[in-house]
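With PDB, C-alpha atoms inside, this is query-v1.pdb:
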```
ATOM      1  CA  MET A  16      11.438  16.979 -18.110
ATOM      2  CA  ALA A  17       8.087  16.669 -19.872
ATOM      3  CA  GLU A  18       5.127  16.809 -17.564
ATOM      4  CA  ARG A  19       3.578  13.734 -19.136
ATOM      5  CA  SER A  20       6.652  11.733 -18.090
ATOM      6  CA  LEU A  21       5.534  11.929 -14.449
ATOM      7  CA  PRO A  22       2.779   9.566 -13.293
ATOM      8  CA  LEU A  23      -0.434  10.917 -11.732
ATOM      9  CA  ALA A  24      -0.575  13.860 -14.141
ATOM     10  CA  ALA A  25      -4.225  14.540 -13.264
ATOM     11  CA  TYR A  26      -3.184  15.316  -9.665
ATOM     12  CA  ARG A  27      -0.697  18.116 -10.216
ATOM     13  CA  ARG A  28       0.650  19.653  -7.006
ATOM     14  CA  LEU A  29       3.633  21.672  -8.192
ATOM     15  CA  HIS A  30       5.482  23.061 -11.207
ATOM     16  CA  THR A  31       8.030  25.726 -10.385
ATOM     17  CA  HIS A  32      11.530  26.978 -11.097
ATOM     18  CA  ASP A  33      11.768  28.566  -7.642
ATOM     19  CA  VAL A  34      13.823  26.594  -5.106
ATOM     20  CA  ASP A  35      12.039  27.997  -2.050
ATOM     21  CA  GLU A  36       8.595  27.230  -3.451
ATOM     22  CA  ALA A  37       9.655  23.680  -4.323
ATOM     23  CA  ARG A  38      11.151  23.139  -0.872
ATOM     24  CA  THR A  39       8.002  24.372   0.872
ATOM     25  CA  THR A  40       5.437  22.528  -1.264
ATOM     26  CA  VAL A  41       7.311  19.212  -1.332
ATOM     27  CA  GLY A  42       8.066  19.609   2.377
ATOM     28  CA  ASN A  43       4.375  20.020   3.220
ATOM     29  CA  ALA A  44       3.640  16.721   1.497
ATOM     30  CA  LEU A  45       6.698  14.619   2.318
ATOM     31  CA  GLY A  46       8.459  16.238   5.267
ATOM     32  CA  VAL A  47      10.749  19.175   6.025
ATOM     33  CA  HIS A  48      14.034  19.073   4.129
ATOM     34  CA  GLY A  49      16.816  21.157   2.703
ATOM     35  CA  LEU A  50      16.990  21.510  -1.097
ATOM     36  CA  ARG A  51      19.907  22.869  -3.127
ATOM     37  CA  PRO A  52      20.704  22.588  -6.854
ATOM     38  CA  VAL A  53      24.247  21.290  -7.251
ATOM     39  CA  ASN A  54      24.848  23.677 -10.166
ATOM     40  CA  PRO A  55      23.096  26.988  -9.380
ATOM     41  CA  LYS A  56      23.521  28.076 -13.006
ATOM     42  CA  ILE A  57      21.061  25.405 -14.168
ATOM     43  CA  THR A  58      17.410  26.325 -13.644
ATOM     44  CA  LEU A  59      15.378  24.073 -11.386
ATOM     45  CA  ASP A  60      12.346  22.480 -13.049
ATOM     46  CA  ALA A  61      10.494  20.963 -10.097
ATOM     47  CA  ARG A  62       7.301  19.012 -10.750
ATOM     48  CA  MET A  63       5.218  17.019  -8.302
ATOM     49  CA  ASN A  64       1.914  15.185  -8.666
ATOM     50  CA  GLY A  65       0.166  13.444  -5.799
ATOM     51  CA  ILE A  66      -2.964  11.870  -4.398
ATOM     52  CA  THR A  67      -3.678  10.951  -0.766
ATOM     53  CA  PHE A  68      -5.914   8.357   0.817
ATOM     54  CA  ASP A  69      -6.510   7.516   4.489
ATOM     55  CA  GLY A  70      -3.099   6.381   5.742
ATOM     56  CA  ILE A  71      -1.236   6.408   2.424
ATOM     57  CA  GLY A  72      -0.162   8.978  -0.153
ATOM     58  CA  LEU A  73       1.160   8.412  -3.661
ATOM     59  CA  TYR A  74       3.388  11.055  -5.270
ATOM     60  CA  SER A  75       5.609  11.483  -8.312
ATOM     61  CA  LEU A  76       8.479  13.954  -8.161
ATOM     62  CA  GLY A  77      11.345  15.263 -10.262
ATOM     63  CA  TYR A  78      13.584  18.345 -10.151
ATOM     64  CA  GLY A  79      14.953  18.397 -13.697
ATOM     65  CA  THR A  80      18.524  18.985 -12.541
ATOM     66  CA  GLU A  81      21.010  17.558 -10.043
ATOM     67  CA  VAL A  82      19.975  18.443  -6.489
ATOM     68  CA  LEU A  83      21.160  17.818  -2.934
ATOM     69  CA  ILE A  84      18.322  16.981  -0.500
ATOM     70  CA  THR A  85      18.716  16.795   3.287
ATOM     71  CA  PRO A  86      15.528  15.438   4.928
ATOM     72  CA  GLN A  87      15.108  16.090   8.639
ATOM     73  CA  PRO A  88      14.048  13.423  11.182
ATOM     74  CA  LEU A  89      10.278  13.015  11.123
ATOM     75  CA  ASP A  90       7.915  11.025  13.349
ATOM     76  CA  ARG A  91       4.851  11.434  11.114
ATOM     77  CA  TYR A  92       5.700   9.613   7.872
ATOM     78  CA  LEU A  93       7.757   6.812   6.358
ATOM     79  CA  LEU A  94       8.560   6.978   2.646
ATOM     80  CA  VAL A  95       9.346   4.392  -0.006
ATOM     81  CA  GLU A  96      10.986   6.123  -2.962
ATOM     82  CA  ILE A  97      10.888   4.142  -6.220
ATOM     83  CA  PRO A  98      13.128   5.536  -8.982
ATOM     84  CA  LEU A  99      11.455   5.813 -12.385
ATOM     85  CA  ALA A 100      14.581   7.083 -14.174
ATOM     86  CA  GLY A 101      18.150   7.912 -13.248
ATOM     87  CA  ALA A 102      19.862   7.295  -9.920
ATOM     88  CA  ALA A 103      20.155   8.838  -6.474
ATOM     89  CA  GLU A 104      22.833   8.491  -3.803
ATOM     90  CA  VAL A 105      21.154   8.009  -0.416
ATOM     91  CA  SER A 106      22.818   8.008   3.020
ATOM     92  CA  HIS A 107      21.027   7.301   6.302
ATOM     93  CA  GLY A 108      23.262   6.792   9.312
ATOM     94  CA  ARG A 109      25.824   4.147   8.345
ATOM     95  CA  GLU A 110      23.743   2.869   5.420
ATOM     96  CA  ARG A 111      24.553   4.116   1.938
ATOM     97  CA  ILE A 112      23.029   3.013  -1.357
ATOM     98  CA  VAL A 113      22.736   4.133  -4.950
ATOM     99  CA  SER A 114      19.023   3.933  -5.650
ATOM    100  CA  THR A 115      17.987   2.885  -9.186
ATOM    101  CA  PRO A 116      14.817   1.471 -10.787
ATOM    102  CA  GLU A 117      15.934  -1.911  -9.382
ATOM    103  CA  LEU A 118      16.672  -0.630  -5.857
ATOM    104  CA  ALA A 119      14.142   1.551  -4.040
ATOM    105  CA  SER A 120      14.988   3.465  -0.865
ATOM    106  CA  VAL A 121      12.914   3.059   2.311
ATOM    107  CA  LEU A 122      13.228   6.203   4.417
ATOM    108  CA  SER A 123      12.405   5.623   8.080
ATOM    109  CA  LEU A 124      13.354   9.277   8.737
ATOM    110  CA  THR A 125      14.573   8.530  12.256
ATOM    111  CA  ARG A 126      17.816  10.502  11.835
ATOM    112  CA  PRO A 127      19.262  13.156   9.497
ATOM    113  CA  MET A 128      20.096  11.908   6.030
ATOM    114  CA  THR A 129      21.329  13.121   2.651
ATOM    115  CA  MET A 130      20.278  12.400  -0.930
ATOM    116  CA  ARG A 131      21.878  13.472  -4.179
ATOM    117  CA  TRP A 132      19.564  13.143  -7.167
ATOM    118  CA  ALA A 133      21.227  12.864 -10.574
ATOM    119  CA  PRO A 134      19.979  15.047 -13.458
ATOM    120  CA  GLY A 135      16.726  13.654 -14.848
ATOM    121  CA  HIS A 136      16.073  11.505 -11.764
ATOM    122  CA  MET A 137      12.350  10.948 -11.089
ATOM    123  CA  GLN A 138      10.581   8.976  -8.402
ATOM    124  CA  LEU A 139       7.252   7.450  -7.516
ATOM    125  CA  ILE A 140       6.930   7.880  -3.743
ATOM    126  CA  THR A 141       4.627   5.975  -1.429
ATOM    127  CA  ARG A 142       4.042   7.863   1.816
ATOM    128  CA  PHE A 143       2.878   5.912   4.864
ATOM    129  CA  ASP A 144       1.388   7.523   7.942
ATOM    130  CA  ARG A 145       3.695   6.254  10.691
ATOM    131  CA  ALA A 146       0.942   5.940  13.308
ATOM    132  CA  ALA A 147      -1.251   3.921  10.924
ATOM    133  CA  LEU A 148       1.623   1.668   9.853
ATOM    134  CA  GLU A 149       2.746   0.995  13.426
ATOM    135  CA  ALA A 150      -0.864   0.278  14.463
ATOM    136  CA  HIS A 151      -1.046  -2.175  11.560
ATOM    137  CA  LEU A 152       2.222  -3.737  12.726
ATOM    138  CA  GLY A 153       0.764  -4.128  16.231
ATOM    139  CA  LYS A 154      -2.177  -6.077  14.843
ATOM    140  CA  LEU A 155       0.183  -8.402  12.992
ATOM    141  CA  ILE A 156       2.379  -9.171  16.003
ATOM    142  CA  GLY A 157      -0.418  -9.116  18.598
ATOM    143  CA  ARG A 158       1.004  -6.314  20.755
ATOM    144  CA  THR A 159       1.683  -2.590  20.674
ATOM    145  CA  PRO A 160       5.136  -1.771  19.228
ATOM    146  CA  ARG A 161       7.336  -0.221  21.899
ATOM    147  CA  ARG A 162      10.057   1.124  19.619
ATOM    148  CA  PRO A 163       9.722   3.244  16.478
ATOM    149  CA  LEU A 164       9.545   1.141  13.331
ATOM    150  CA  THR A 165      12.719   1.389  11.224
ATOM    151  CA  PHE A 166      13.479  -0.361   7.929
ATOM    152  CA  SER A 167      16.657  -1.269   6.107
ATOM    153  CA  LEU A 168      17.440   1.464   3.609
ATOM    154  CA  GLY A 169      17.565  -0.429   0.311
ATOM    155  CA  MET A 170      14.630  -2.421  -1.119
ATOM    156  CA  ASP A 171      15.717  -4.851  -3.852
ATOM    157  CA  LEU A 172      12.812  -4.648  -6.317
ATOM    158  CA  THR A 173      13.954  -7.806  -8.099
ATOM    159  CA  ARG A 174      13.051  -9.979  -5.062
ATOM    160  CA  PRO A 175       9.650 -11.750  -5.306
ATOM    161  CA  ALA A 176       8.298 -10.232  -2.071
ATOM    162  CA  ALA A 177       9.266  -6.711  -3.173
ATOM    163  CA  ARG A 178       7.819  -7.295  -6.649
ATOM    164  CA  SER A 179       4.532  -8.324  -5.062
ATOM    165  CA  TRP A 180       4.501  -5.128  -2.990
ATOM    166  CA  LEU A 181       5.317  -3.044  -6.066
ATOM    167  CA  ALA A 182       2.457  -4.683  -7.989
ATOM    168  CA  VAL A 183       0.012  -3.379  -5.369
ATOM    169  CA  VAL A 184       1.513   0.125  -5.689
ATOM    170  CA  ASP A 185       1.104  -0.086  -9.471
ATOM    171  CA  LEU A 186      -2.509  -1.173  -9.079
ATOM    172  CA  LEU A 187      -3.248   1.836  -6.881
ATOM    173  CA  ARG A 188      -1.477   4.154  -9.328
ATOM    174  CA  ARG A 189      -3.403   2.794 -12.337
ATOM    175  CA  GLU A 190      -6.700   3.184 -10.521
ATOM    176  CA  ALA A 191      -5.843   6.805  -9.730
ATOM    177  CA  GLU A 192      -4.692   7.570 -13.274
ATOM    178  CA  THR A 193      -7.732   6.015 -14.941
ATOM    179  CA  GLY A 194     -10.358   7.197 -12.459
ATOM    180  CA  GLY A 195     -11.035   3.585 -11.493
ATOM    181  CA  ALA A 196     -14.205   2.761  -9.601
ATOM    182  CA  MET A 197     -12.155   1.087  -6.868
ATOM    183  CA  LEU A 198     -11.244   4.466  -5.400
ATOM    184  CA  GLU A 199     -14.935   5.156  -4.785
ATOM    185  CA  GLN A 200     -15.435   1.913  -2.867
ATOM    186  CA  PRO A 201     -14.362   2.186   0.814
ATOM    187  CA  VAL A 202     -14.213  -1.613   1.239
ATOM    188  CA  ALA A 203     -11.870  -2.091  -1.697
ATOM    189  CA  LEU A 204      -9.698   0.926  -0.931
ATOM    190  CA  ARG A 205      -9.236   0.021   2.721
ATOM    191  CA  GLN A 206      -8.275  -3.524   1.782
ATOM    192  CA  LEU A 207      -5.747  -2.190  -0.698
ATOM    193  CA  GLU A 208      -4.180   0.114   1.898
ATOM    194  CA  GLY A 209      -3.977  -2.750   4.398
ATOM    195  CA  LEU A 210      -2.371  -4.996   1.788
ATOM    196  CA  LEU A 211       0.238  -2.340   0.992
ATOM    197  CA  MET A 212       1.164  -2.062   4.668
ATOM    198  CA  THR A 213       1.242  -5.819   5.271
ATOM    199  CA  GLN A 214       3.341  -6.479   2.175
ATOM    200  CA  LEU A 215       5.818  -3.759   3.111
ATOM    201  CA  LEU A 216       6.207  -5.087   6.653
ATOM    202  CA  LEU A 217       6.773  -8.628   5.400
ATOM    203  CA  ALA A 218       8.909  -7.773   2.360
ATOM    204  CA  GLN A 219      11.365  -5.259   3.810
ATOM    205  CA  PRO A 220      13.735  -6.073   6.712
ATOM    206  CA  SER A 221      13.028  -3.985   9.805
ATOM    207  CA  ASN A 222      13.618  -3.953  13.543
ATOM    208  CA  TYR A 223      10.366  -5.962  13.849
ATOM    209  CA  SER A 224      11.142  -8.671  11.279
ATOM    210  CA  GLU A 225      11.922 -11.199  14.006
ATOM    211  CA  ALA A 226       8.657 -10.450  15.832
ATOM    212  CA  LEU A 227       6.744 -10.834  12.555
ATOM    213  CA  SER A 228       8.262 -14.296  12.001
ATOM    214  CA  GLU A 229       7.763 -15.582  15.549
ATOM    215  CA  GLY A 230       5.087 -18.130  16.358
ATOM    216  CA  GLN A 231       1.873 -16.975  18.020
ATOM    217  CA  PRO A 232      -0.199 -18.709  20.731
ATOM    218  CA  ARG A 233      -2.957 -20.954  19.409
ATOM    219  CA  ALA A 234      -6.460 -19.560  19.071
ATOM    220  CA  ALA A 235      -9.167 -21.457  20.986
ATOM    221  CA  PRO A 236     -12.046 -22.973  18.954
ATOM    222  CA  THR A 237     -14.451 -20.391  20.396
ATOM    223  CA  VAL A 238     -12.208 -17.619  19.054
ATOM    224  CA  VAL A 239     -12.451 -19.056  15.536
ATOM    225  CA  GLU A 240     -16.230 -19.327  15.912
ATOM    226  CA  ARG A 241     -16.451 -15.680  16.963
ATOM    227  CA  ALA A 242     -14.329 -14.709  13.974
ATOM    228  CA  VAL A 243     -16.612 -16.653  11.638
ATOM    229  CA  ASP A 244     -19.674 -14.945  13.098
ATOM    230  CA  LEU A 245     -18.026 -11.548  12.687
ATOM    231  CA  ILE A 246     -17.147 -12.259   9.055
ATOM    232  CA  GLU A 247     -20.685 -13.420   8.269
ATOM    233  CA  ALA A 248     -22.215 -10.350   9.908
ATOM    234  CA  ARG A 249     -19.823  -7.742   8.528
ATOM    235  CA  ALA A 250     -18.782  -9.069   5.122
ATOM    236  CA  ALA A 251     -19.869  -5.836   3.426
ATOM    237  CA  GLU A 252     -17.496  -3.780   5.580
ATOM    238  CA  PRO A 253     -13.830  -3.101   4.776
ATOM    239  CA  LEU A 254     -12.577  -5.916   7.013
ATOM    240  CA  THR A 255      -8.916  -6.844   7.210
ATOM    241  CA  VAL A 256      -7.395  -9.882   8.898
ATOM    242  CA  GLU A 257      -5.801  -7.526  11.428
ATOM    243  CA  GLU A 258      -9.189  -6.069  12.370
ATOM    244  CA  ILE A 259     -10.758  -9.520  12.674
ATOM    245  CA  ALA A 260      -7.934 -10.720  14.922
ATOM    246  CA  GLY A 261      -8.164  -7.587  17.059
ATOM    247  CA  ALA A 262     -11.929  -7.916  17.410
ATOM    248  CA  VAL A 263     -11.660 -11.465  18.778
ATOM    249  CA  GLY A 264      -8.619 -10.729  20.937
ATOM    250  CA  VAL A 265      -5.760 -12.682  19.297
ATOM    251  CA  GLY A 266      -2.804 -11.999  17.023
ATOM    252  CA  VAL A 267      -3.044 -12.428  13.265
ATOM    253  CA  ARG A 268      -0.793 -15.488  13.142
ATOM    254  CA  ALA A 269      -2.784 -17.223  15.892
ATOM    255  CA  LEU A 270      -6.058 -16.555  14.093
ATOM    256  CA  GLN A 271      -4.675 -17.829  10.804
ATOM    257  CA  GLU A 272      -3.427 -21.004  12.486
ATOM    258  CA  GLY A 273      -6.827 -21.502  14.130
ATOM    259  CA  PHE A 274      -8.617 -21.226  10.788
ATOM    260  CA  ARG A 275      -6.182 -23.662   9.181
ATOM    261  CA  ARG A 276      -6.679 -26.249  11.930
ATOM    262  CA  ARG A 277     -10.469 -26.004  12.226
ATOM    263  CA  LEU A 278     -11.655 -24.917   8.772
ATOM    264  CA  GLU A 279      -8.681 -25.770   6.498
ATOM    265  CA  THR A 280      -8.653 -22.239   5.136
ATOM    266  CA  THR A 281      -7.562 -18.745   6.153
ATOM    267  CA  PRO A 282      -9.683 -15.883   7.524
ATOM    268  CA  MET A 283      -9.398 -13.892   4.300
ATOM    269  CA  ASN A 284     -10.190 -16.907   2.111
ATOM    270  CA  TYR A 285     -13.253 -17.543   4.247
ATOM    271  CA  LEU A 286     -14.241 -13.881   3.882
ATOM    272  CA  ARG A 287     -13.757 -14.132   0.118
ATOM    273  CA  GLU A 288     -16.055 -17.151  -0.082
ATOM    274  CA  VAL A 289     -18.743 -15.348   1.920
ATOM    275  CA  ARG A 290     -18.451 -12.333  -0.349
ATOM    276  CA  LEU A 291     -18.640 -14.498  -3.473
ATOM    277  CA  ASP A 292     -21.897 -15.921  -2.138
ATOM    278  CA  ARG A 293     -23.239 -12.415  -1.486
ATOM    279  CA  VAL A 294     -22.245 -11.205  -4.979
ATOM    280  CA  ARG A 295     -23.941 -14.221  -6.541
ATOM    281  CA  ALA A 296     -27.129 -13.561  -4.585
ATOM    282  CA  GLU A 297     -27.087  -9.904  -5.654
ATOM    283  CA  LEU A 298     -26.509 -10.747  -9.327
ATOM    284  CA  ALA A 299     -29.147 -13.488  -9.334
ATOM    285  CA  ALA A 300     -31.741 -11.085  -7.960
ATOM    286  CA  GLY A 301     -30.591  -8.061  -9.966
ATOM    287  CA  ASN A 302     -31.968  -6.390 -13.066
ATOM    288  CA  PRO A 303     -29.397  -6.532 -15.912
ATOM    289  CA  CYS A 304     -30.500  -3.022 -16.917
ATOM    290  CA  THR A 305     -29.586  -1.473 -13.572
ATOM    291  CA  THR A 306     -27.161  -3.924 -11.917
ATOM    292  CA  THR A 307     -23.530  -4.241 -13.043
ATOM    293  CA  VAL A 308     -20.988  -6.903 -12.195
ATOM    294  CA  THR A 309     -18.338  -4.246 -11.502
ATOM    295  CA  ASP A 310     -20.448  -2.400  -8.941
ATOM    296  CA  ALA A 311     -21.428  -5.619  -7.182
ATOM    297  CA  ALA A 312     -17.813  -6.835  -7.055
ATOM    298  CA  TYR A 313     -16.460  -3.572  -5.650
ATOM    299  CA  ARG A 314     -19.328  -3.317  -3.182
ATOM    300  CA  TRP A 315     -18.271  -6.648  -1.695
ATOM    301  CA  GLY A 316     -14.580  -5.810  -1.541
ATOM    302  CA  PHE A 317     -13.122  -7.395  -4.690
ATOM    303  CA  VAL A 318     -10.385  -5.024  -5.835
ATOM    304  CA  HIS A 319      -9.078  -6.991  -8.849
ATOM    305  CA  LEU A 320     -11.871  -7.745 -11.317
ATOM    306  CA  GLY A 321      -9.921 -10.333 -13.280
ATOM    307  CA  ARG A 322      -9.135 -12.398 -10.188
ATOM    308  CA  PHE A 323     -12.696 -11.951  -8.977
ATOM    309  CA  ALA A 324     -14.098 -13.307 -12.250
ATOM    310  CA  ASN A 325     -11.762 -16.329 -12.141
ATOM    311  CA  ALA A 326     -12.635 -17.086  -8.513
ATOM    312  CA  TYR A 327     -16.341 -16.728  -9.282
ATOM    313  CA  ARG A 328     -16.162 -19.130 -12.209
ATOM    314  CA  ARG A 329     -14.214 -21.697 -10.154
ATOM    315  CA  ARG A 330     -16.759 -21.463  -7.345
ATOM    316  CA  PHE A 331     -20.003 -21.455  -9.340
ATOM    317  CA  GLY A 332     -19.133 -22.890 -12.753
ATOM    318  CA  GLU A 333     -20.254 -19.799 -14.658
ATOM    319  CA  SER A 334     -19.191 -16.191 -15.139
ATOM    320  CA  PRO A 335     -20.741 -13.352 -13.083
ATOM    321  CA  SER A 336     -22.335 -11.905 -16.226
ATOM    322  CA  GLU A 337     -24.000 -15.263 -16.926
ATOM    323  CA  THR A 338     -25.524 -15.246 -13.465
ATOM    324  CA  LEU A 339     -26.798 -11.696 -14.017
ATOM    325  CA  ARG A 340     -28.323 -12.498 -17.411
ATOM    326  CA  ARG A 341     -30.140 -15.503 -16.018
TER     327      ARG A 341
END
```

Starting from the file, lay out its structure as structure tokens.
Amino acid sequence: MAERSLPLAAYRRLHTHDVDEARTTVGNALGVHGLRPVNPKITLDARMNGITFDGIGLYSLGYGTEVLITPQPLDRYLLVEIPLAGAAEVSHGRERIVSTPELASVLSLTRPMTMRWAPGHMQLITRFDRAALEAHLGKLIGRTPRRPLTFSLGMDLTRPAARSWLAVVDLLRREAETGGAMLEQPVALRQLEGLLMTQLLLAQPSNYSEALSEGQPRAAPTVVERAVDLIEARAAEPLTVEEIAGAVGVGVRALQEGFRRRLETTPMNYLREVRLDRVRAELAAGNPCTTTVTDAAYRWGFVHLGRFANAYRRRFGESPSETLRR
């Protein structure tokens, strides 16, 4: 396995032929597990790269030979393992799948499980902090989860919802690999982490899918007004719809319904419009020699520059660079 074949090459964590070293290093990052080459006569070639953020980690991993992995139950992390090449047999309780580049595995790690990685199998692994993900879930459903969050094992990456989630993972990976400015902007990075968690919760069946689809009580007009005031006052901060809803004391669905009824928009669309106004004001007052469109966009929480530029042009009838030059 060539090292360049693994994503996140600039964030090397491990390259070893020693089984014990691989087990320990990978275990520290992804959870305690057993590791055994199926054919002990073939030398292990374990490689792992990885980068961590606040509640999320992104890793790439391969062992270079067929291995048997037995993860132990873990209450700290949940993992989504996305095959880049080859296949893996995965068993968790009564669920069994063969994971391929079209079928990721979502490891809730609530009970012992087994995995058999084929020779040449490599994965891109998204690690979620369980406490952060369950807190995010609580904001979406408007109450504290009482049971541990568990997902169905297989994630069909050909489904539109899963493809949308995977696109966010790819965006985060590209930013890490290219040293993108987004990773230096707390507003943008926090929004991206929140989007990854929301998309996973909505895209993958879980024991909270029914609660996520249930209707929420209506938000009173004063609640919407308080949310608007909060957005106006804190638009430069890494706000998420979950944080806005929590700050005004309602669930996310109720807040979204309130915004639709009173303002014919959503909380995040309203926040985007406020931020567009703030970017325009900054560019209009800025010096083209010292002010850049990229810095201004990231500072106000726009994580995708192409979409930002399109939204800006639709709103103001000119590009951000035209505003800056004027």

When you draw a straight line from atom CA of Arg290 of chain A to atom CA of Tyr327 of chain A, how long is it in Å?
-> 10.2 Å

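The smallest atom-to-atom distance between Val113 of chain A and any of A:Val256, A:Ile71, A:Ala296, A:Leu168, using all atoms listed in the file, is found for A:Leu168.
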
List the neighbours of Tyr26 of chain A out to 8 Å using all atoms listed in the file; skip same-chain residues closer than 6 positions along the sequence, and give me the result as a PDB file with C-alpha atoms, in the frame of the given file.
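Okay, this is what ended up in around15.pdb:
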```
ATOM      1  CA  ASN A  64       1.914  15.185  -8.666  1.00  0.00           C
ATOM      2  CA  GLY A  65       0.166  13.444  -5.799  1.00  0.00           C
ATOM      3  CA  ILE A  66      -2.964  11.870  -4.398  1.00  0.00           C
TER       4      ILE A  66
END
```

Up to 10 Å from (15.4, -0.7, -14.3) in the file's coordinates: name the residues, counting only C-alpha atoms, as a PyMOL selection string.
-> chain A and resi 98-101+115-118+172-173

Spatial neighbours of Val263 of chain A, 9 Å, all atoms listed in the file, chain gap at least 5 places, as a PyMOL selection string = chain A and resi 238-239+241-242+245+258+270

For Asp60 of chain A, the closest of A:His30, A:Arg145, A:His48, A:Pro86 counting all atoms listed in the file is A:His30

With all atoms listed in the file as the basis for distance, which of A:Leu298, A:Gln200, A:Tyr223, A:Asn284 is at the shortest distance from Gln271 of chain A?
->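 Residue with the minimum atom-to-atom distance to Gln271 of chain A: A:Asn284.
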
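One finds atom CA of Leu286 of chain A at 29.7 Å from atom CA of Leu164 of chain A.
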
Selection result for the PyMOL selection byres ((chain A and resi 281) around 12) on this file, as a ChimeraX atom specification = /A:239,242-243,246,256,259-260,267-280,282-288

Keeping only C-alpha atoms, take the residues you just selected and write them out as a PDB file, in the coordinates of the input.
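Printed below is part_19.pdb as written:
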```pdb
ATOM      1  CA  VAL A 239     -12.451 -19.056  15.536  1.00  0.00           C
ATOM      2  CA  ALA A 242     -14.329 -14.709  13.974  1.00  0.00           C
ATOM      3  CA  VAL A 243     -16.612 -16.653  11.638  1.00  0.00           C
ATOM      4  CA  ILE A 246     -17.147 -12.259   9.055  1.00  0.00           C
ATOM      5  CA  VAL A 256      -7.395  -9.882   8.898  1.00  0.00           C
ATOM      6  CA  ILE A 259     -10.758  -9.520  12.674  1.00  0.00           C
ATOM      7  CA  ALA A 260      -7.934 -10.720  14.922  1.00  0.00           C
ATOM      8  CA  VAL A 267      -3.044 -12.428  13.265  1.00  0.00           C
ATOM      9  CA  ARG A 268      -0.793 -15.488  13.142  1.00  0.00           C
ATOM     10  CA  ALA A 269      -2.784 -17.223  15.892  1.00  0.00           C
ATOM     11  CA  LEU A 270      -6.058 -16.555  14.093  1.00  0.00           C
ATOM     12  CA  GLN A 271      -4.675 -17.829  10.804  1.00  0.00           C
ATOM     13  CA  GLU A 272      -3.427 -21.004  12.486  1.00  0.00           C
ATOM     14  CA  GLY A 273      -6.827 -21.502  14.130  1.00  0.00           C
ATOM     15  CA  PHE A 274      -8.617 -21.226  10.788  1.00  0.00           C
ATOM     16  CA  ARG A 275      -6.182 -23.662   9.181  1.00  0.00           C
ATOM     17  CA  ARG A 276      -6.679 -26.249  11.930  1.00  0.00           C
ATOM     18  CA  ARG A 277     -10.469 -26.004  12.226  1.00  0.00           C
ATOM     19  CA  LEU A 278     -11.655 -24.917   8.772  1.00  0.00           C
ATOM     20  CA  GLU A 279      -8.681 -25.770   6.498  1.00  0.00           C
ATOM     21  CA  THR A 280      -8.653 -22.239   5.136  1.00  0.00           C
ATOM     22  CA  PRO A 282      -9.683 -15.883   7.524  1.00  0.00           C
ATOM     23  CA  MET A 283      -9.398 -13.892   4.300  1.00  0.00           C
ATOM     24  CA  ASN A 284     -10.190 -16.907   2.111  1.00  0.00           C
ATOM     25  CA  TYR A 285     -13.253 -17.543   4.247  1.00  0.00           C
ATOM     26  CA  LEU A 286     -14.241 -13.881   3.882  1.00  0.00           C
ATOM     27  CA  ARG A 287     -13.757 -14.132   0.118  1.00  0.00           C
ATOM     28  CA  GLU A 288     -16.055 -17.151  -0.082  1.00  0.00           C
TER      29      GLU A 288
END
```

Hey, what's within 12 Å of Thr67 of chain A if we count all atoms listed in the file and toss same-chain stuff fewer than 2 positions away? As a list in words, please?
->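 Final neighbour list, sorted by chain and number: Leu23, Tyr26, Arg28, Ala44, Leu45, Asn64, Gly65, Asp69, Gly70, Ile71, Gly72, Leu73, Tyr74, Ser75, Ile140, Thr141, Arg142, Phe143, Asp144, Leu187, Arg188, Ala191, Leu198, Leu204 and Glu208 of chain A.
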
What gap, in Å, lies between atom CA of Gly108 of chain A and atom CA of Arg51 of chain A?
-> 20.6 Å

Have a look at A:Leu148, A:Ala176, A:Ala203, A:Ala25 and name the one nearest to His319 of chain A; count all atoms listed in the file.
-> A:Ala203

Among the residues A:Ala300, A:Leu291, A:Thr309, A:Ala37, the one that comes closest to Glu247 of chain A [using all atoms listed in the file] | A:Leu291

Pick out the residues sitting within 12 Å of Phe317 of chain A, and hand them over as a ChimeraX atom specification; count all atoms listed in the file, and ignore anything fewer than 3 positions along from it in its own chain.
-> /A:196-197,200-207,250-254,283,286-291,293-294,308-314,320-327

With the input short on atoms, add N, CA, C and O atoms back to segment 33-37 of chain A and write it as a PDB file, in the frame of the given file.
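rebuild-v2.pdb, freshly written:
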```
ATOM      1  N   ASP A  33      11.314  27.896  -8.858  1.00  0.00           N
ATOM      2  CA  ASP A  33      11.768  28.566  -7.642  1.00  0.00           C
ATOM      3  C   ASP A  33      12.121  27.536  -6.569  1.00  0.00           C
ATOM      4  O   ASP A  33      11.286  26.699  -6.198  1.00  0.00           O
ATOM      5  N   VAL A  34      13.347  27.589  -6.074  1.00  0.00           N
ATOM      6  CA  VAL A  34      13.823  26.594  -5.106  1.00  0.00           C
ATOM      7  C   VAL A  34      13.017  26.667  -3.809  1.00  0.00           C
ATOM      8  O   VAL A  34      12.632  25.632  -3.249  1.00  0.00           O
ATOM      9  N   ASP A  35      12.761  27.859  -3.318  1.00  0.00           N
ATOM     10  CA  ASP A  35      12.039  27.997  -2.050  1.00  0.00           C
ATOM     11  C   ASP A  35      10.614  27.463  -2.154  1.00  0.00           C
ATOM     12  O   ASP A  35      10.119  26.804  -1.233  1.00  0.00           O
ATOM     13  N   GLU A  36       9.957  27.749  -3.268  1.00  0.00           N
ATOM     14  CA  GLU A  36       8.595  27.230  -3.451  1.00  0.00           C
ATOM     15  C   GLU A  36       8.597  25.710  -3.524  1.00  0.00           C
ATOM     16  O   GLU A  36       7.735  25.034  -2.943  1.00  0.00           O
ATOM     17  N   ALA A  37       9.563  25.141  -4.227  1.00  0.00           N
ATOM     18  CA  ALA A  37       9.655  23.680  -4.323  1.00  0.00           C
ATOM     19  C   ALA A  37       9.905  23.066  -2.954  1.00  0.00           C
ATOM     20  O   ALA A  37       9.270  22.075  -2.572  1.00  0.00           O
TER      21      ALA A  37
END
```
